[in-house]
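Engineer: Below is the file model_12.pdb, with PDB, C-alpha atoms.
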```pdb
ATOM      1  CA  MET A  80      -5.928  10.895  13.898
ATOM      2  CA  PRO A  81      -5.039   7.666  15.769
ATOM      3  CA  ALA A  82      -2.001   8.001  17.979
ATOM      4  CA  TRP A  83      -0.194   4.784  17.123
ATOM      5  CA  SER A  84       3.215   4.896  15.487
ATOM      6  CA  ARG A  85       3.925   1.185  15.975
ATOM      7  CA  ARG A  86       1.576  -1.765  15.980
ATOM      8  CA  ASP A  87       2.459  -5.415  16.446
ATOM      9  CA  ILE A  88       0.542  -7.915  14.320
ATOM     10  CA  LYS A  89      -0.171 -11.201  16.078
ATOM     11  CA  GLU A  90      -1.357 -14.607  14.974
ATOM     12  CA  ASN A  91      -2.387 -17.083  17.683
ATOM     13  CA  GLY A  92      -0.658 -14.940  20.308
ATOM     14  CA  THR A  93       2.660 -14.763  18.427
ATOM     15  CA  THR A  94       3.933 -11.526  16.897
ATOM     16  CA  ILE A  95       4.333 -12.116  13.152
ATOM     17  CA  GLY A  96       5.064  -8.558  12.078
ATOM     18  CA  ARG A  97       5.078  -4.895  12.904
ATOM     19  CA  ILE A  98       3.535  -1.774  11.366
ATOM     20  CA  LEU A  99       5.419   1.494  11.679
ATOM     21  CA  TYR A 100       4.075   4.975  10.929
ATOM     22  CA  THR A 101       5.820   8.328  10.795
ATOM     23  CA  PRO A 102       5.146  11.635   9.070
ATOM     24  CA  THR A 103       7.758  12.289   6.397
ATOM     25  CA  THR A 104       8.786  14.974   3.926
ATOM     26  CA  GLN A 105       8.218  15.792   0.294
ATOM     27  CA  ALA A 106      11.933  15.152  -0.318
ATOM     28  CA  LYS A 107      11.731  11.596   1.075
ATOM     29  CA  TYR A 108       8.571  10.905  -0.938
ATOM     30  CA  ARG A 109      10.223  12.178  -4.117
ATOM     31  CA  GLU A 110      13.363  10.156  -3.380
ATOM     32  CA  LEU A 111      11.387   6.903  -3.346
ATOM     33  CA  LYS A 112       9.382   8.048  -6.371
ATOM     34  CA  GLY A 113      12.667   8.617  -8.214
ATOM     35  CA  ARG A 114      13.959   5.142  -7.293
ATOM     36  CA  ALA A 115      10.658   3.637  -8.428
ATOM     37  CA  ASN A 116      11.174   5.366 -11.802
ATOM     38  CA  LEU A 117       7.605   4.860 -13.000
ATOM     39  CA  ASN A 118       5.256   6.730 -15.314
ATOM     40  CA  ARG A 119       1.622   6.202 -14.355
ATOM     41  CA  VAL A 120      -0.878   5.193 -17.035
ATOM     42  CA  ASN A 121      -4.514   5.374 -15.916
ATOM     43  CA  ARG A 122      -3.308   6.309 -12.416
ATOM     44  CA  PHE A 123      -1.102   3.206 -12.004
ATOM     45  CA  ALA A 124       2.379   1.885 -12.810
ATOM     46  CA  GLN A 125       4.527  -1.055 -11.674
ATOM     47  CA  ARG A 126       8.123  -2.173 -12.101
ATOM     48  CA  SER A 127       9.724  -5.432 -10.922
ATOM     49  CA  SER A 128      13.296  -6.619 -10.442
ATOM     50  CA  PHE A 129      14.402 -10.238 -10.115
ATOM     51  CA  HIS A 130      16.887 -12.415  -8.220
ATOM     52  CA  GLY A 131      19.649 -14.055 -10.298
ATOM     53  CA  GLY A 132      17.622 -17.295 -10.429
ATOM     54  CA  GLY A 133      14.626 -15.467 -11.879
ATOM     55  CA  GLY A 134      12.367 -15.127  -8.827
ATOM     56  CA  ILE A 135      10.831 -11.784  -7.910
ATOM     57  CA  LYS A 136      13.143  -9.591  -5.788
ATOM     58  CA  LYS A 137      11.451  -6.197  -5.562
ATOM     59  CA  VAL A 138       8.327  -4.480  -6.855
ATOM     60  CA  TYR A 139       7.629  -0.768  -7.053
ATOM     61  CA  VAL A 140       4.074   0.474  -7.548
ATOM     62  CA  SER A 141       2.948   4.052  -8.130
ATOM     63  CA  ALA A 142      -0.705   5.087  -7.989
ATOM     64  CA  LYS A 143      -2.991   8.072  -7.697
ATOM     65  CA  LEU A 144      -5.533   7.325  -4.984
ATOM     66  CA  ARG A 145      -9.285   7.853  -5.129
ATOM     67  CA  THR A 146     -12.014   6.645  -2.799
ATOM     68  CA  ARG A 147     -14.238   3.777  -3.875
ATOM     69  CA  PRO A 148     -17.941   4.491  -3.383
ATOM     70  CA  SER A 149     -19.524   2.735  -0.399
ATOM     71  CA  GLY A 150     -20.980  -0.610  -1.400
ATOM     72  CA  ALA A 151     -19.159  -0.727  -4.750
ATOM     73  CA  ALA A 152     -18.621  -4.267  -6.000
ATOM     74  CA  ARG A 153     -15.170  -5.777  -5.605
ATOM     75  CA  ASP A 154     -13.478  -7.778  -8.350
ATOM     76  CA  ASN A 155     -13.330 -11.565  -8.184
ATOM     77  CA  LEU A 156      -9.594 -12.309  -7.961
ATOM     78  CA  ALA A 157      -9.780 -16.088  -8.459
ATOM     79  CA  GLY A 158      -8.527 -16.191 -12.052
ATOM     80  CA  ILE A 159      -5.992 -13.364 -11.815
ATOM     81  CA  GLY A 160      -2.246 -13.990 -11.476
ATOM     82  CA  VAL A 161       0.134 -12.504  -8.918
ATOM     83  CA  VAL A 162       3.631 -10.994  -8.861
ATOM     84  CA  ASN A 163       4.988 -13.828  -6.660
ATOM     85  CA  PRO A 164       3.263 -17.082  -7.728
ATOM     86  CA  GLY A 165       5.971 -19.254  -6.116
ATOM     87  CA  TYR A 166       4.860 -18.262  -2.601
ATOM     88  CA  VAL A 167       1.701 -20.065  -1.519
ATOM     89  CA  PRO A 168       1.408 -20.157   2.283
ATOM     90  CA  ALA A 169      -1.455 -21.798   4.170
ATOM     91  CA  ASN A 170      -4.456 -19.438   4.155
ATOM     92  CA  VAL A 171      -3.079 -17.539   1.175
ATOM     93  CA  HIS A 172      -4.739 -14.281   0.131
ATOM     94  CA  LYS A 173      -4.287 -12.196  -2.969
ATOM     95  CA  ALA A 174      -3.321  -8.775  -1.650
ATOM     96  CA  HIS A 175      -3.331  -5.520  -3.618
ATOM     97  CA  LEU A 176      -0.122  -3.476  -3.491
ATOM     98  CA  ALA A 177      -2.121  -0.317  -4.316
ATOM     99  CA  SER A 178      -5.420  -1.083  -2.608
ATOM    100  CA  ASP A 179      -8.567  -1.506  -4.673
ATOM    101  CA  ARG A 180     -10.200   0.561  -1.910
ATOM    102  CA  PHE A 181      -8.355   3.537  -3.421
ATOM    103  CA  GLY A 182      -8.771   2.624  -7.094
ATOM    104  CA  GLY A 183      -5.810   0.233  -7.410
ATOM    105  CA  PRO A 184      -6.361  -2.224 -10.271
ATOM    106  CA  SER A 185      -7.119  -5.903  -9.788
ATOM    107  CA  ASN A 186      -4.485  -7.216 -12.167
ATOM    108  CA  ALA A 187      -1.415  -9.436 -11.921
ATOM    109  CA  GLN A 188       0.906  -6.408 -11.685
ATOM    110  CA  ASN A 189      -0.844  -5.200  -8.520
ATOM    111  CA  LEU A 190      -1.557  -8.486  -6.714
ATOM    112  CA  VAL A 191       0.699 -10.609  -4.510
ATOM    113  CA  ASN A 192       0.261 -13.823  -2.572
ATOM    114  CA  GLU A 193       0.279 -13.040   1.153
ATOM    115  CA  LYS A 194      -0.675 -14.749   4.394
ATOM    116  CA  SER A 195      -4.322 -13.929   5.104
ATOM    117  CA  ARG A 196      -3.575 -12.652   8.627
ATOM    118  CA  ILE A 197      -1.000 -10.188   7.301
ATOM    119  CA  ASN A 198      -3.323  -8.987   4.543
ATOM    120  CA  LEU A 199      -6.395  -8.641   6.761
ATOM    121  CA  SER A 200      -4.636  -7.174   9.775
ATOM    122  CA  ALA A 201      -1.391  -5.393   8.863
ATOM    123  CA  HIS A 202      -2.189  -4.074   5.387
ATOM    124  CA  LYS A 203      -5.822  -3.377   6.352
ATOM    125  CA  ARG A 204      -4.653  -1.188   9.281
ATOM    126  CA  ILE A 205      -2.341   0.689   6.929
ATOM    127  CA  GLU A 206      -5.216   1.225   4.473
ATOM    128  CA  ASN A 207      -7.387   2.482   7.339
ATOM    129  CA  ARG A 208      -4.691   5.019   8.310
ATOM    130  CA  ILE A 209      -4.425   6.208   4.691
ATOM    131  CA  ALA A 210      -8.232   6.500   4.504
ATOM    132  CA  LYS A 211      -8.261   8.671   7.645
ATOM    133  CA  LEU A 212      -5.533  10.896   6.234
ATOM    134  CA  ILE A 213      -7.510  11.323   3.010
ATOM    135  CA  LYS A 214     -10.751  11.983   4.896
ATOM    136  CA  ALA A 215      -9.087  14.673   7.018
ATOM    137  CA  GLY A 216      -8.159  16.540   3.818
ATOM    138  CA  THR A 217     -11.528  16.176   2.112
ATOM    139  CA  PRO A 218     -14.096  18.988   2.389
ATOM    140  CA  ALA A 219     -17.556  18.055   3.667
ATOM    141  CA  GLY A 220     -19.799  16.916   0.838
ATOM    142  CA  ASP A 221     -16.938  16.062  -1.552
ATOM    143  CA  ASN A 222     -17.860  12.472  -2.411
ATOM    144  CA  SER A 223     -16.511  12.261  -5.968
ATOM    145  CA  PRO A 224     -15.147   8.726  -6.566
ATOM    146  CA  THR A 225     -12.952   9.930  -9.449
ATOM    147  CA  ARG A 226     -11.169  12.828  -7.721
ATOM    148  CA  ASN A 227      -7.485  12.204  -7.013
ATOM    149  CA  ARG A 228      -6.973  12.336  -3.256
ATOM    150  CA  ALA A 229      -3.370  11.226  -2.787
ATOM    151  CA  GLY A 230      -0.269   9.816  -4.440
ATOM    152  CA  LEU A 231       1.194   6.468  -3.390
ATOM    153  CA  ILE A 232       4.541   4.776  -3.911
ATOM    154  CA  VAL A 233       4.903   1.193  -2.656
ATOM    155  CA  ARG A 234       8.084  -0.879  -2.521
ATOM    156  CA  GLU A 235       7.797  -4.548  -1.598
ATOM    157  CA  THR A 236      10.752  -6.915  -1.297
ATOM    158  CA  TYR A 237      10.787 -10.720  -1.531
ATOM    159  CA  SER A 238      12.915 -13.697  -0.567
ATOM    160  CA  ALA A 239      14.261 -15.911  -3.366
ATOM    161  CA  ALA A 240      11.185 -18.133  -2.811
ATOM    162  CA  GLY A 241       8.817 -15.199  -3.382
ATOM    163  CA  LYS A 242       7.866 -14.643   0.275
ATOM    164  CA  PRO A 243       7.216 -10.956   1.043
ATOM    165  CA  THR A 244       9.966  -9.633   3.345
ATOM    166  CA  GLY A 245       8.687  -6.079   3.825
ATOM    167  CA  ARG A 246       6.464  -3.407   2.352
ATOM    168  CA  LEU A 247       7.020   0.353   2.423
ATOM    169  CA  TYR A 248       4.241   2.816   1.645
ATOM    170  CA  MET A 249       4.964   6.497   0.983
ATOM    171  CA  VAL A 250       1.822   8.627   0.694
ATOM    172  CA  SER A 251       1.358  12.218  -0.440
ATOM    173  CA  VAL A 252      -2.095  13.401   0.703
ATOM    174  CA  MET A 253      -3.785  16.456  -0.770
ATOM    175  CA  ASN A 254      -5.624  18.584   1.782
ATOM    176  CA  ARG A 255      -8.379  20.167  -0.304
ATOM    177  CA  ASN A 256      -9.505  22.264   2.676
ATOM    178  CA  ASN A 257      -6.378  24.455   2.508
ATOM    179  CA  ASN A 258      -4.558  23.365  -0.715
ATOM    180  CA  SER A 259      -1.594  21.827   1.099
ATOM    181  CA  ARG A 260       0.031  18.393   1.078
ATOM    182  CA  SER A 261       1.178  16.101   3.862
ATOM    183  CA  TYR A 262       3.599  13.191   3.515
ATOM    184  CA  HIS A 263       3.447   9.888   5.359
ATOM    185  CA  LYS A 264       5.587   6.761   5.644
ATOM    186  CA  LEU A 265       4.040   3.442   6.642
ATOM    187  CA  GLU A 266       5.870   0.140   6.754
ATOM    188  CA  PHE A 267       5.046  -3.482   7.383
ATOM    189  CA  ARG A 268       7.934  -5.644   8.552
ATOM    190  CA  PRO A 269       7.340  -9.364   9.016
ATOM    191  CA  ILE A 270       9.109 -10.999  11.949
TER
END
```
Please, can you express the file's structure as structure tokens?
Structural biologist:
Amino acid sequence: MPAWSRRDIKENGTTIGRILYTPTTQAKYRELKGRANLNRVNRFAQRSSFHGGGGIKKVYVSAKLRTRPSGAARDNLAGIGVVNPGYVPANVHKAHLASDRFGGPSNAQNLVNEKSRINLSAHKRIENRIAKLIKAGTPAGDNSPTRNRAGLIVRETYSAAGKPTGRLYMVSVMNRNNNSRSYHKLEFRPI
């Protein structure tokens, strides 16, 4: 497992955010799951809250994670809406809250506008860490793309203008080698 617990994300030599990783507990995972207050349908659920003026304030996402087969086609996101349509930075990307890499849906409840550098660097590094955690708990030869590998709770917060102000990932990973679970907290904090 990679040793990093903190990673700075830079754009043109300037730090634009920070990733933090720490192991956590079942109690902390369940606490966030309780605050999210979601019932998954087809392995996914989402709930939003709004600022007084109507803009998005916070989104919770809950998902059961799988592993997408290598080379599987990705959805075209061009015509799909996002949770925070008011935020359109230069080099905007549509970013999945629950990654499509792990079976997260490509729908307006699971997509947000994000700066491309943050999506491709910060959130991609977090996805890579989650993938390594899942791989460590997967027996050799178990390649089933439909098997649940982990549980995920995401909380993302937004400014009144819809700009993401931080994303928290709590992950419960099943170790199918010894029938145990491990719990992990990953955060992205923009600067």
Engineer: Please write the residues picked by the PyMOL selection byres ((chain A and resi 170) around 9) on this file as number ranges by chain.
Structural biologist: A: 167-169, 171-172, 193-196
Engineer: Would you save the residues of that selection, restricted to C-alpha atoms, as an mmCIF file, keeping the file's coordinate frame?
Structural biologist:
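Saved to part-v1.cif:
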```cif
data_model
loop_
_atom_site.group_PDB
_atom_site.id
_atom_site.type_symbol
_atom_site.label_atom_id
_atom_site.label_comp_id
_atom_site.auth_asym_id
_atom_site.auth_seq_id
_atom_site.Cartn_x
_atom_site.Cartn_y
_atom_site.Cartn_z
ATOM 1 C CA VAL A 167 1.701 -20.065 -1.519
ATOM 2 C CA PRO A 168 1.408 -20.157 2.283
ATOM 3 C CA ALA A 169 -1.455 -21.798 4.170
ATOM 4 C CA VAL A 171 -3.079 -17.539 1.175
ATOM 5 C CA HIS A 172 -4.739 -14.281 0.131
ATOM 6 C CA GLU A 193 0.279 -13.040 1.153
ATOM 7 C CA LYS A 194 -0.675 -14.749 4.394
ATOM 8 C CA SER A 195 -4.322 -13.929 5.104
ATOM 9 C CA ARG A 196 -3.575 -12.652 8.627
#
```
Engineer: Within 7 Å of Ser84 (chain A), counting all atoms listed in the file, which residues qualify if same-chain residues fewer than 3 places away don't, as a PyMOL selection string?
Structural biologist: chain A and resi 99-101
Engineer: Smallest atom-to-atom distance to Asn116 (chain A): which of A:Val252, A:Ala152, A:Val233, A:Val191, using all atoms listed in the file?
Structural biologist: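 Selected residue with least distance to Asn116 (chain A): A:Val233.
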Engineer: What is the distance, in Å and to one decimal place, between CA of Gly158 (chain A) and CA of Lys143 (chain A)?
Structural biologist: 25.3 Å
Engineer: When you count all atoms listed in the file, which of these residues is closest to Ile232 (chain A): A:Pro184, A:Gly220, A:Pro148, A:Gly113?
Structural biologist: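 The closest residue to Ile232 (chain A) is A:Gly113.
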Engineer: For CA of Asn91 (chain A) and CA of Ser200 (chain A), quote the distance in Å rounded to one decimal.
Structural biologist: 12.9 Å
Engineer: Please provide as a list in words all residues within 7 Å of Arg147 (chain A), with the sequence filter that same-chain residues fewer than 4 positions apart are discarded (counting all atoms listed in the file).
Structural biologist: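 What passes the distance filter is Ala151, Arg180, Phe181, Gly182 and Pro224 of chain A.
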Engineer: Exactly which residues make up the result of the PyMOL selection byres ((chain A and resi 125) around 6) on this file, given as a PyMOL selection string?
Structural biologist: chain A and resi 124+126+139-140
Engineer: Evaluate the PyMOL selection byres ((chain A and resi 216) around 9) on the structure here and hand back the selected residues as an MDAnalysis selection string.
Structural biologist: chainID A and resid 211:215 217:218 228 252:260
Engineer: Which residue, A:Arg226, A:Lys242, A:Glu235, A:Leu156, has the smallest gap to Asn192 (chain A) when you use all atoms listed in the file?
Structural biologist: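 Smallest separation from Asn192 (chain A) among the options: A:Lys242.
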Engineer: Work out how far CA of Ala142 (chain A) is from CA of Gly160 (chain A), in Å to one decimal.
Structural biologist: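 Value for the CA of Gly160 (chain A)-CA of Ala142 (chain A) distance: 19.5 Å.
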Engineer: With all atoms listed in the file as the basis for distance, which of A:Arg145, A:Ala187, A:Pro269, A:Arg97 is at the shortest distance from Thr225 (chain A)?
Structural biologist: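 So, comparing all the options, the nearest one is A:Arg145.
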Engineer: Under the rule that all atoms listed in the file are counted, which of A:Asn198, A:Asn207, A:Asn163, A:Asn155 is the nearest residue to Gly241 (chain A)?
Structural biologist: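 Closest candidate: A:Asn163.
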Engineer: Just checking: using only C-alpha atoms, which residue out of A:Tyr237, A:Asp179, A:Arg204, A:Phe123 ends up closest to Arg153 (chain A)?
Structural biologist: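 Smallest distance to Arg153 (chain A) is found for A:Asp179.
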Engineer: Would you list the contacts of Met249 (chain A) as a CSV table (one decimal) with C-alpha atoms, in the coordinates of the input, taking every protein, DNA or RNA residue within 9 Å and counting all atoms listed in the file, but skipping same-chain residues closer than 2 positions in sequence?
Structural biologist:
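File written: selection.csv
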```csv
chain,number,residue,atom,x,y,z
A,103,THR,CA,7.8,12.3,6.4
A,107,LYS,CA,11.7,11.6,1.1
A,108,TYR,CA,8.6,10.9,-0.9
A,111,LEU,CA,11.4,6.9,-3.3
A,112,LYS,CA,9.4,8.0,-6.4
A,230,GLY,CA,-0.3,9.8,-4.4
A,231,LEU,CA,1.2,6.5,-3.4
A,232,ILE,CA,4.5,4.8,-3.9
A,233,VAL,CA,4.9,1.2,-2.7
A,234,ARG,CA,8.1,-0.9,-2.5
A,247,LEU,CA,7.0,0.4,2.4
A,251,SER,CA,1.4,12.2,-0.4
A,262,TYR,CA,3.6,13.2,3.5
A,263,HIS,CA,3.4,9.9,5.4
A,264,LYS,CA,5.6,6.8,5.6
A,265,LEU,CA,4.0,3.4,6.6
A,266,GLU,CA,5.9,0.1,6.8
```
